[in-house]
Amino acid sequence: MAETDRETSIQTRAVGDAAIIYASDYLNKLTGERIERECRRQFDSGRRTLIINFRDTELINSIGVSILVGLIDAAEQNTARLIFSDVNSNTANLFEMLGLTRHVSVAANEDEALSWVERDSAATA
Amino acid sequence: MIHPRILSSINQDEFFGRDAEARDILRQSSSAGDARGLVLMATPDAGASELLRQAYDQLFARRGDPVPIHFAFKRSDTTAANTARRFFQILLQQLVAYRRVNPSLCKTTLTFHDLLELALPSDYELINNLIEGFEREQGSERTLIDYCLSLPNRLHAEGRAIYPLIDCTRIGPFKEEVATGHQLVTELSRGGLQFVLAGLRRQTNDLIHGPDEGEWEANATLHIDSLSETSAQALLESLARRYGIDLNTPTRDLILQQLKCSPLFITEFMRAARGTEAKLTSFLACQRLYVDELLGGRIQRHFDRILQVIAPGAQIKRTLLRVLYESAMSETRKSSLWTWKKRLGVAAHEFEHVIEALHVYELVNSTAAFIEVNSESYVWMDYLRAHYRVEVSAEPRAKVVATTLLETLKRAPQTMTRKYRREAAVGLHSLLPQFNCQSVPASLFHYERFAAAYKGEDVTTIDEGLDAETELIQLPQVIQTSACASYSSTINCDHERCVVAHAFESAEYTDEDEVVWLAAEIDSKLAASRELTEEWCNRLAGFARESGFARYRIWLITPEGFSERAVELLNEREAFGSSRQQVQLLAARLSEDTEVVESKSDEYEMIIPMGVDTELIAASTVEKIARRVKFRPEAINQIKTAVIEACINAAEHSLSPDRKIYQRFVVEDDKLVVTVASRGVVPAQAPGQNGLSGDIDQNGGKTRRGWGLKLIRTLMDEVEFEHVDDGTQLRMTKYIR
């Protein structure tokens with residue numbers, strides 16, 4: 001994991017109505033706020049389904065978690081759907097420990113998350 | 001619980017390093033049965049007086065029988081009668097103060113009339129009778145002294161339980177001055193009282209037995225020496241905080257080494273620093289203050305006072321300084337009594353006085369034939385050098401100041417090096433006595449065999465191999481160890497690293513079984529060469545000859561073992577050779593409680609700045625350490641996360657002046673202990689501090705912050721969060737499962 005020169009921009013990808021946002025290797029205050037900013041930008045642009053992909057995330061601290069909690073709140077307020085994907089076992093344990101998993105869907109991987117989105121879209125169509 | 005000060009000079013929580021002794025004094029007060037005294041044999045300036053005062057304050061606050069009484073002899077007590085009168089007054093005053101539960105009465109000036117007014121009704125008649133007796137005995141000094149000094153026994157006979165704490169450390173150094181102290185001690189020992197007697201260690205025999213070799217034995221003796229380095233460090237740091245003096249770790253250690261952990265000198269030095277508002281953050285600043293103190297401050301006053309007692313008069317003082325200095329500068333620092341007497345040029349009685357006093361104050365060590373200047377104390381030697389030059393050689397003071405400063409500055413790194421070398425030593429003094437006729441694998445004493453069998457193997461394999469070895473060495477029973485340097489001034493070696501051990505090869509105490517082990521830890525970055533090994537073998541063999549050791553065994557220890565040619569030499573000389581690793585393995589086999597410094601080899605420390613992502617450096621470090629001790633990957637991640645949280649907590653919640661996070665990782669047999677500390681204060685209700693918030697569902701919704709400590713507690717097995725003297729500290733333990 002790079003300890004310096006961490007990317008200053010967030011990698012995102014649009015798939016249909018959903019946006020996939022890729023979290024960095026260390027989710028702390030700085031990188032958490034970048035995700036938060038990106039999510040809010042997506043909400044503001046009308047996107048109602050966001051997937052945060054944690055495939056690169058090795059470590060996460062409590063400030064990062066608190067920002068994720070803020071995003072869960074923001075998603076509720078925007079009547080949007082938030083899905084976490086590709087969470088490794090350590091991070092999953094942390095989320096479980098802090099009770100996040102009761103408030104957000106956690107998909108095994110991006111494909112599973114997208115399949116949930118498709119299924120929901122089909123149900124509402 | 002911290003008690004208010006009554007007689008003590010410093011607060012109880014700032015009195016360091018004497019907890020065990022204070023407990024013994026308190027315990028003695030209530031020990032029943034064979035009533036006798038507890039004797040504190042103190043080195044000069046070790047703080048025995050303050051220990052007694054602290055004990056008094058604690059006993060006063062404890063409010064149990066018996067009544068504590070504290071009396072200290074003073075140098076200003078000009079006559080025995082004056083001492084006795086003061087004793088009588090103080091004893092009654094402290095009795096009334098205790099019974100009235102009014103500590104302030106201990107220090108107030110009270111007349112006998114006041115004492116009677118203040119006495120409890122139940123004590124009134126007794127005190128009145130005692131005062132009448134006191135006034136009645138004024139006619140004869142001898143009977144007055146007897147009457148006053150028997151007061152504890154009179155009170156005891158009247159059913160008043162008292163516990164005298166008698167401080168004789170300030171008694172004059174001459175035998176005739178000890179007489180009153182001896183009389184008091186004799187009285188106390190006759191009366192069936194428990195009591196405590198503190199005296200300078202070279203004077204306590206005279207205090208107890210007196211000139212007539214009285215029959216009295218203490219039921220316990222405590223030795224009050226200089227503080228341990230840990231306690232001295234705590235004292236120094238506490239004074240620095242109290243006086244607002246900046247120190248850093250190097251200067252702290254230098255001060256402690258230079259002042260030899262003497263509580264008196266540490267306190268005086270820091271008071272001087274407060275007076276000058278000096279910042280003690282560089283060796284130069286420390287040594288400048290030190291030299292000022294030597295040549296015009298508290299340290300000078302301390303030694304001036306002593307020399308004034310020993311040699312009153314300018315001329316005799318100058319002569320004494322000259323003789324002391326010249327003896328100290330001689331190769332052995334030792335001269336015959338005859339030489340001293342001739343050079344001092346004083347009458348026999350006066351000469352005896354001078355030597356007796358120098359010996360009592362431990363400025364010299366005197367025997368029946370020789371006098372050796374005590375060169376162990378830097379402060380004393382520096383004072384002697386500087387004042388000889390000013391007062392005897394009449395060198396310009398400014399020049400002495402400058403050269404003393406230069407010398408002490410040049411000495412500073414060497415002083416620290418000696419400390420580091422001492423701390424890094426394997427601990428031969430504690431290891432050798434553990435031999436105790438035990439049998440151990442021979443390879444532990446033969447480097448070549450050990451290297452051939454175990455080099456590059458892990459500890460478990462080595463242990464198994466050693467367990468399976470059939471060739472064993474039976475170690476001797478070591479009965480006494482000393483530094484080689486204590487035997488000979490010509491063998492140039494460290495005290496801790498070159499040791500002579502007198503032993504018997506078996507438990508048979510016969511001439512045939514008598515052997516001397518000469519063990520030396522020698523420096524060598526690589527495997528020791530033949531030349532180096534030969535040099536040490538020759539040095540120790542010469543030492544053995546010089547010391548008259550008939551049978552001896554040389555054991556050399558090096559960090560990395562020995563070269564092939566060096567091993568050949570060791571075998572030719574029938575000497576043993578071990579690497580440091582072998583010694584550590586040996587120590588582990590001899591005793592689980594070994595004090596060999598091995599325990600520190602698994603301790604890591606690091607300091608990181610509070611900054612962006614610096615906690616990752618700590619996490620990365622702890623990961624590497626945890627991997628070495630084979631934690632499971634999941635546990636490693638938990639430890640990393642906990643360390644990250646602890647660092648964030650320290651950075652976020654401490655108003656740290658240095659913006660640094662101090663970390664220690666200690667690997668023990670079954671666990672990893674991580675300590676994360678920071679200086680500064682924790683603001684009230686800092687979320688990481690209370691650690692109350694935790695789950696996302698608390699407060700009816702999703703809490704946004706304050707999970708740090710909760711997380712740590714969940715991830716680690718044991719967590720302790722505490723305020724320390726200068727900040728906060730989080731101690732986290734993870735067990736290896």
# chains A, B, ... in the order shown; residues from 1 in each chain; ligands from 1
call {"tool": "residues_around", "arguments": {"residues": "Asn53 (chain A)", "least_positions_apart": "3", "cutoff": "9 Å", "atoms": "only C-alpha atoms", "output": "PyMOL selection string"}}
result
chain A and resi 20-23+56-57+83-87+109-110
call {"tool": "closest_atom_pairs", "arguments": {"of": "chain A", "to": "chain B", "cutoff": "6 Å", "atoms": "only C-alpha atoms", "output": "Markdown table"}}
result
| residue | atom | partner | partner_atom | distance |
| --- | --- | --- | --- | --- |
| A:Ser62 | CA | B:Gly708 | CA | 5.9 |
| A:Ser66 | CA | B:Arg704 | CA | 4.8 |
| A:Leu98 | CA | B:Asp695 | CA | 5.3 |
| A:Gly99 | CA | B:Ile696 | CA | 5.5 |
call {"tool": "write_last_selection", "arguments": {"atoms": "N, CA and C atoms", "output": "PDB file, in the first residue's frame"}}
result
ATOM      1  N   SER A  62     -11.477   4.567  11.897  1.00  0.00           N
ATOM      2  CA  SER A  62     -12.804   4.915  12.411  1.00  0.00           C
ATOM      3  C   SER A  62     -13.317   6.225  11.813  1.00  0.00           C
ATOM      4  N   SER A  66     -16.786   6.623   9.916  1.00  0.00           N
ATOM      5  CA  SER A  66     -17.773   7.642  10.264  1.00  0.00           C
ATOM      6  C   SER A  66     -18.238   8.397   9.009  1.00  0.00           C
ATOM      7  N   LEU A  98     -19.127  -2.598  13.939  1.00  0.00           N
ATOM      8  CA  LEU A  98     -19.660  -1.260  14.197  1.00  0.00           C
ATOM      9  C   LEU A  98     -21.121  -1.123  13.774  1.00  0.00           C
ATOM     10  N   GLY A  99     -21.685  -2.181  13.271  1.00  0.00           N
ATOM     11  CA  GLY A  99     -23.119  -2.183  12.974  1.00  0.00           C
ATOM     12  C   GLY A  99     -23.487  -1.569  11.628  1.00  0.00           C
TER      13      GLY A  99
END
call {"tool": "closest_residue", "arguments": {"among": "A:Asp44, A:Glu96, A:Ser121, A:Ile60", "to": "Gly16 (chain A)", "atoms": "only C-alpha atoms"}}
result
A:Ser121
call {"tool": "residues_around", "arguments": {"residues": "Glu534 (chain B)", "least_positions_apart": "2", "cutoff": "12 Å", "atoms": "only C-alpha atoms", "output": "PyMOL selection string"}}
result
chain B and resi 522+528-532+536-542+554+556+562-563+565-573+575+577
call {"tool": "write_last_selection", "arguments": {"atoms": "C-alpha atoms", "output": "PDB file, in the first residue's frame"}}
result
ATOM      1  CA  ILE B 522      34.617  -8.271  25.017  1.00  0.00           C
ATOM      2  CA  ALA B 528      36.532 -12.140  17.622  1.00  0.00           C
ATOM      3  CA  SER B 529      39.939 -12.560  16.025  1.00  0.00           C
ATOM      4  CA  ARG B 530      42.735 -14.665  17.444  1.00  0.00           C
ATOM      5  CA  GLU B 531      44.676 -11.498  18.273  1.00  0.00           C
ATOM      6  CA  LEU B 532      41.860  -9.990  20.283  1.00  0.00           C
ATOM      7  CA  TRP B 536      42.149 -10.920  26.617  1.00  0.00           C
ATOM      8  CA  CYS B 537      43.419 -14.336  27.582  1.00  0.00           C
ATOM      9  CA  ASN B 538      46.774 -12.793  28.439  1.00  0.00           C
ATOM     10  CA  ARG B 539      45.187  -9.949  30.299  1.00  0.00           C
ATOM     11  CA  LEU B 540      43.079 -12.260  32.450  1.00  0.00           C
ATOM     12  CA  ALA B 541      45.918 -14.712  32.996  1.00  0.00           C
ATOM     13  CA  GLY B 542      48.096 -11.818  34.163  1.00  0.00           C
ATOM     14  CA  ILE B 554      38.767 -17.983  31.583  1.00  0.00           C
ATOM     15  CA  LEU B 556      35.204 -14.929  27.087  1.00  0.00           C
ATOM     16  CA  PHE B 562      35.015 -16.331  17.625  1.00  0.00           C
ATOM     17  CA  SER B 563      36.989 -16.914  14.461  1.00  0.00           C
ATOM     18  CA  ARG B 565      41.877 -19.345  14.855  1.00  0.00           C
ATOM     19  CA  ALA B 566      40.517 -17.723  17.968  1.00  0.00           C
ATOM     20  CA  VAL B 567      38.726 -20.962  18.813  1.00  0.00           C
ATOM     21  CA  GLU B 568      42.027 -22.839  18.433  1.00  0.00           C
ATOM     22  CA  LEU B 569      43.612 -20.448  20.893  1.00  0.00           C
ATOM     23  CA  LEU B 570      40.756 -20.855  23.374  1.00  0.00           C
ATOM     24  CA  ASN B 571      41.183 -24.619  23.188  1.00  0.00           C
ATOM     25  CA  GLU B 572      44.951 -24.334  23.671  1.00  0.00           C
ATOM     26  CA  ARG B 573      44.363 -22.231  26.766  1.00  0.00           C
ATOM     27  CA  ALA B 575      39.362 -21.355  28.043  1.00  0.00           C
ATOM     28  CA  GLY B 577      34.216 -18.942  24.589  1.00  0.00           C
TER      29      GLY B 577
END
call {"tool": "select_by_dssp", "arguments": {"residues": "chain A", "states": "alpha helix (DSSP H)", "output": "PyMOL selection string"}}
result
chain A and resi 29-44+62-77+89-98+110-124
call {"tool": "residues_around", "arguments": {"residues": "region 449-461 of chain B", "least_positions_apart": "3", "cutoff": "10 Å", "atoms": "only C-alpha atoms", "output": "number ranges by chain"}}
result
B: 441-446, 464-467, 561-562, 578-579, 581-582, 585
call {"tool": "write_last_selection", "arguments": {"atoms": "N, CA and C atoms", "output": "PDB file, in the first residue's frame"}}
result
ATOM      1  N   PRO B 441      24.387 -28.009  28.650  1.00  0.00           N
ATOM      2  CA  PRO B 441      25.036 -28.529  27.440  1.00  0.00           C
ATOM      3  C   PRO B 441      26.394 -27.867  27.220  1.00  0.00           C
ATOM      4  N   ALA B 442      27.368 -28.694  26.904  1.00  0.00           N
ATOM      5  CA  ALA B 442      28.737 -28.188  26.755  1.00  0.00           C
ATOM      6  C   ALA B 442      28.847 -27.187  25.613  1.00  0.00           C
ATOM      7  N   SER B 443      28.005 -27.330  24.612  1.00  0.00           N
ATOM      8  CA  SER B 443      28.123 -26.444  23.447  1.00  0.00           C
ATOM      9  C   SER B 443      27.875 -24.984  23.814  1.00  0.00           C
ATOM     10  N   LEU B 444      27.243 -24.749  24.954  1.00  0.00           N
ATOM     11  CA  LEU B 444      26.999 -23.357  25.347  1.00  0.00           C
ATOM     12  C   LEU B 444      28.297 -22.638  25.716  1.00  0.00           C
ATOM     13  N   PHE B 445      29.360 -23.414  25.981  1.00  0.00           N
ATOM     14  CA  PHE B 445      30.637 -22.802  26.337  1.00  0.00           C
ATOM     15  C   PHE B 445      31.696 -22.998  25.256  1.00  0.00           C
ATOM     16  N   HIS B 446      31.297 -23.662  24.172  1.00  0.00           N
ATOM     17  CA  HIS B 446      32.248 -23.892  23.066  1.00  0.00           C
ATOM     18  C   HIS B 446      31.617 -23.339  21.796  1.00  0.00           C
ATOM     19  N   GLU B 464      15.623 -27.524  21.244  1.00  0.00           N
ATOM     20  CA  GLU B 464      15.457 -28.989  21.157  1.00  0.00           C
ATOM     21  C   GLU B 464      16.817 -29.673  21.065  1.00  0.00           C
ATOM     22  N   GLY B 465      17.703 -29.046  20.258  1.00  0.00           N
ATOM     23  CA  GLY B 465      19.049 -29.621  20.102  1.00  0.00           C
ATOM     24  C   GLY B 465      19.809 -29.620  21.415  1.00  0.00           C
ATOM     25  N   LEU B 466      19.719 -28.519  22.131  1.00  0.00           N
ATOM     26  CA  LEU B 466      20.419 -28.436  23.421  1.00  0.00           C
ATOM     27  C   LEU B 466      19.861 -29.461  24.400  1.00  0.00           C
ATOM     28  N   ASP B 467      18.534 -29.617  24.356  1.00  0.00           N
ATOM     29  CA  ASP B 467      17.903 -30.607  25.256  1.00  0.00           C
ATOM     30  C   ASP B 467      18.437 -32.008  24.983  1.00  0.00           C
ATOM     31  N   GLY B 561      30.642 -14.327  18.577  1.00  0.00           N
ATOM     32  CA  GLY B 561      31.440 -15.543  18.659  1.00  0.00           C
ATOM     33  C   GLY B 561      32.898 -15.314  18.299  1.00  0.00           C
ATOM     34  N   PHE B 562      33.567 -16.375  17.811  1.00  0.00           N
ATOM     35  CA  PHE B 562      35.015 -16.331  17.625  1.00  0.00           C
ATOM     36  C   PHE B 562      35.391 -16.887  16.250  1.00  0.00           C
ATOM     37  N   SER B 578      32.005 -18.046  24.371  1.00  0.00           N
ATOM     38  CA  SER B 578      30.582 -18.100  24.011  1.00  0.00           C
ATOM     39  C   SER B 578      30.198 -16.828  23.285  1.00  0.00           C
ATOM     40  N   SER B 579      29.214 -16.959  22.434  1.00  0.00           N
ATOM     41  CA  SER B 579      28.626 -15.764  21.838  1.00  0.00           C
ATOM     42  C   SER B 579      27.536 -15.259  22.787  1.00  0.00           C
ATOM     43  N   GLN B 581      24.487 -14.951  22.136  1.00  0.00           N
ATOM     44  CA  GLN B 581      23.315 -15.818  22.016  1.00  0.00           C
ATOM     45  C   GLN B 581      23.441 -17.038  22.932  1.00  0.00           C
ATOM     46  N   GLN B 582      24.642 -17.602  22.978  1.00  0.00           N
ATOM     47  CA  GLN B 582      24.851 -18.756  23.860  1.00  0.00           C
ATOM     48  C   GLN B 582      24.615 -18.376  25.322  1.00  0.00           C
ATOM     49  N   LEU B 585      20.976 -18.152  26.004  1.00  0.00           N
ATOM     50  CA  LEU B 585      20.386 -19.488  26.124  1.00  0.00           C
ATOM     51  C   LEU B 585      20.772 -20.126  27.462  1.00  0.00           C
TER      52      LEU B 585
END
call {"tool": "atom_distance", "arguments": {"atom1": "CA of Phe370 (chain B)", "atom2": "CA of Lys334 (chain B)"}}
result
6.6 Å
call {"tool": "decode", "arguments": {"residues": "region 5-35 of chain B", "atoms": "N, CA and C atoms", "output": "PDB file, in the first residue's frame"}}
result
ATOM      1  N   ARG B   5       1.409  17.289  53.785  1.00  0.00           N
ATOM      2  CA  ARG B   5       2.747  17.334  54.376  1.00  0.00           C
ATOM      3  C   ARG B   5       2.693  17.877  55.790  1.00  0.00           C
ATOM      4  N   ILE B   6       3.434  17.241  56.676  1.00  0.00           N
ATOM      5  CA  ILE B   6       3.570  17.762  58.045  1.00  0.00           C
ATOM      6  C   ILE B   6       5.053  18.107  58.254  1.00  0.00           C
ATOM      7  N   LEU B   7       5.867  17.078  58.305  1.00  0.00           N
ATOM      8  CA  LEU B   7       7.304  17.312  58.451  1.00  0.00           C
ATOM      9  C   LEU B   7       8.047  17.168  57.134  1.00  0.00           C
ATOM     10  N   SER B   8       7.449  16.448  56.205  1.00  0.00           N
ATOM     11  CA  SER B   8       8.178  16.159  54.977  1.00  0.00           C
ATOM     12  C   SER B   8       8.422  17.433  54.162  1.00  0.00           C
ATOM     13  N   SER B   9       9.484  17.390  53.402  1.00  0.00           N
ATOM     14  CA  SER B   9       9.861  18.569  52.610  1.00  0.00           C
ATOM     15  C   SER B   9       9.212  18.552  51.239  1.00  0.00           C
ATOM     16  N   ILE B  10       8.853  17.371  50.788  1.00  0.00           N
ATOM     17  CA  ILE B  10       8.256  17.285  49.461  1.00  0.00           C
ATOM     18  C   ILE B  10       6.984  16.448  49.529  1.00  0.00           C
ATOM     19  N   ASN B  11       6.129  16.638  48.540  1.00  0.00           N
ATOM     20  CA  ASN B  11       4.871  15.900  48.532  1.00  0.00           C
ATOM     21  C   ASN B  11       5.129  14.410  48.391  1.00  0.00           C
ATOM     22  N   GLN B  12       4.212  13.659  48.964  1.00  0.00           N
ATOM     23  CA  GLN B  12       4.382  12.198  48.940  1.00  0.00           C
ATOM     24  C   GLN B  12       4.465  11.669  47.507  1.00  0.00           C
ATOM     25  N   ASP B  13       3.664  12.259  46.608  1.00  0.00           N
ATOM     26  CA  ASP B  13       3.664  11.751  45.234  1.00  0.00           C
ATOM     27  C   ASP B  13       4.902  12.182  44.455  1.00  0.00           C
ATOM     28  N   GLU B  14       5.719  13.020  45.068  1.00  0.00           N
ATOM     29  CA  GLU B  14       6.973  13.401  44.412  1.00  0.00           C
ATOM     30  C   GLU B  14       8.181  12.778  45.115  1.00  0.00           C
ATOM     31  N   PHE B  15       7.905  11.882  46.018  1.00  0.00           N
ATOM     32  CA  PHE B  15       8.973  11.207  46.751  1.00  0.00           C
ATOM     33  C   PHE B  15       9.150   9.831  46.123  1.00  0.00           C
ATOM     34  N   PHE B  16      10.257   9.661  45.435  1.00  0.00           N
ATOM     35  CA  PHE B  16      10.391   8.486  44.574  1.00  0.00           C
ATOM     36  C   PHE B  16      11.389   7.464  45.133  1.00  0.00           C
ATOM     37  N   GLY B  17      11.090   6.225  44.854  1.00  0.00           N
ATOM     38  CA  GLY B  17      12.082   5.167  45.013  1.00  0.00           C
ATOM     39  C   GLY B  17      12.232   4.588  46.404  1.00  0.00           C
ATOM     40  N   ARG B  18      11.394   4.984  47.327  1.00  0.00           N
ATOM     41  CA  ARG B  18      11.559   4.472  48.690  1.00  0.00           C
ATOM     42  C   ARG B  18      10.271   3.828  49.213  1.00  0.00           C
ATOM     43  N   ASP B  19       9.438   3.370  48.300  1.00  0.00           N
ATOM     44  CA  ASP B  19       8.152   2.810  48.735  1.00  0.00           C
ATOM     45  C   ASP B  19       8.347   1.604  49.646  1.00  0.00           C
ATOM     46  N   ALA B  20       9.245   0.718  49.253  1.00  0.00           N
ATOM     47  CA  ALA B  20       9.436  -0.512  50.035  1.00  0.00           C
ATOM     48  C   ALA B  20       9.957  -0.173  51.432  1.00  0.00           C
ATOM     49  N   GLU B  21      10.903   0.757  51.496  1.00  0.00           N
ATOM     50  CA  GLU B  21      11.476   1.119  52.794  1.00  0.00           C
ATOM     51  C   GLU B  21      10.419   1.787  53.680  1.00  0.00           C
ATOM     52  N   ALA B  22       9.606   2.648  53.052  1.00  0.00           N
ATOM     53  CA  ALA B  22       8.550   3.318  53.823  1.00  0.00           C
ATOM     54  C   ALA B  22       7.568   2.280  54.370  1.00  0.00           C
ATOM     55  N   ARG B  23       7.266   1.289  53.552  1.00  0.00           N
ATOM     56  CA  ARG B  23       6.348   0.224  54.023  1.00  0.00           C
ATOM     57  C   ARG B  23       6.958  -0.517  55.211  1.00  0.00           C
ATOM     58  N   ASP B  24       8.247  -0.790  55.139  1.00  0.00           N
ATOM     59  CA  ASP B  24       8.907  -1.497  56.247  1.00  0.00           C
ATOM     60  C   ASP B  24       8.845  -0.669  57.533  1.00  0.00           C
ATOM     61  N   ILE B  25       9.033   0.626  57.394  1.00  0.00           N
ATOM     62  CA  ILE B  25       8.993   1.491  58.583  1.00  0.00           C
ATOM     63  C   ILE B  25       7.585   1.492  59.177  1.00  0.00           C
ATOM     64  N   LEU B  26       6.598   1.584  58.301  1.00  0.00           N
ATOM     65  CA  LEU B  26       5.218   1.585  58.790  1.00  0.00           C
ATOM     66  C   LEU B  26       4.863   0.243  59.433  1.00  0.00           C
ATOM     67  N   ARG B  27       5.366  -0.819  58.812  1.00  0.00           N
ATOM     68  CA  ARG B  27       5.055  -2.159  59.334  1.00  0.00           C
ATOM     69  C   ARG B  27       5.689  -2.350  60.720  1.00  0.00           C
ATOM     70  N   GLN B  28       6.882  -1.826  60.872  1.00  0.00           N
ATOM     71  CA  GLN B  28       7.588  -1.981  62.144  1.00  0.00           C
ATOM     72  C   GLN B  28       6.795  -1.343  63.286  1.00  0.00           C
ATOM     73  N   SER B  29       6.060  -0.278  62.985  1.00  0.00           N
ATOM     74  CA  SER B  29       5.323   0.428  64.038  1.00  0.00           C
ATOM     75  C   SER B  29       4.296  -0.477  64.698  1.00  0.00           C
ATOM     76  N   SER B  30       3.769  -1.407  63.937  1.00  0.00           N
ATOM     77  CA  SER B  30       2.700  -2.231  64.499  1.00  0.00           C
ATOM     78  C   SER B  30       3.153  -3.667  64.743  1.00  0.00           C
ATOM     79  N   SER B  31       4.467  -3.939  64.561  1.00  0.00           N
ATOM     80  CA  SER B  31       4.880  -5.330  64.773  1.00  0.00           C
ATOM     81  C   SER B  31       4.954  -5.612  66.266  1.00  0.00           C
ATOM     82  N   ALA B  32       4.324  -6.692  66.622  1.00  0.00           N
ATOM     83  CA  ALA B  32       4.239  -7.031  68.041  1.00  0.00           C
ATOM     84  C   ALA B  32       5.428  -7.910  68.425  1.00  0.00           C
ATOM     85  N   GLY B  33       5.521  -8.204  69.671  1.00  0.00           N
ATOM     86  CA  GLY B  33       6.503  -9.180  70.118  1.00  0.00           C
ATOM     87  C   GLY B  33       7.841  -8.571  70.432  1.00  0.00           C
ATOM     88  N   ASP B  34       8.872  -9.199  69.895  1.00  0.00           N
ATOM     89  CA  ASP B  34      10.235  -8.854  70.233  1.00  0.00           C
ATOM     90  C   ASP B  34      10.553  -7.422  69.801  1.00  0.00           C
ATOM     91  N   ALA B  35      10.374  -6.509  70.706  1.00  0.00           N
ATOM     92  CA  ALA B  35      10.478  -5.104  70.354  1.00  0.00           C
ATOM     93  C   ALA B  35      11.922  -4.661  70.272  1.00  0.00           C
TER      94      ALA B  35
END
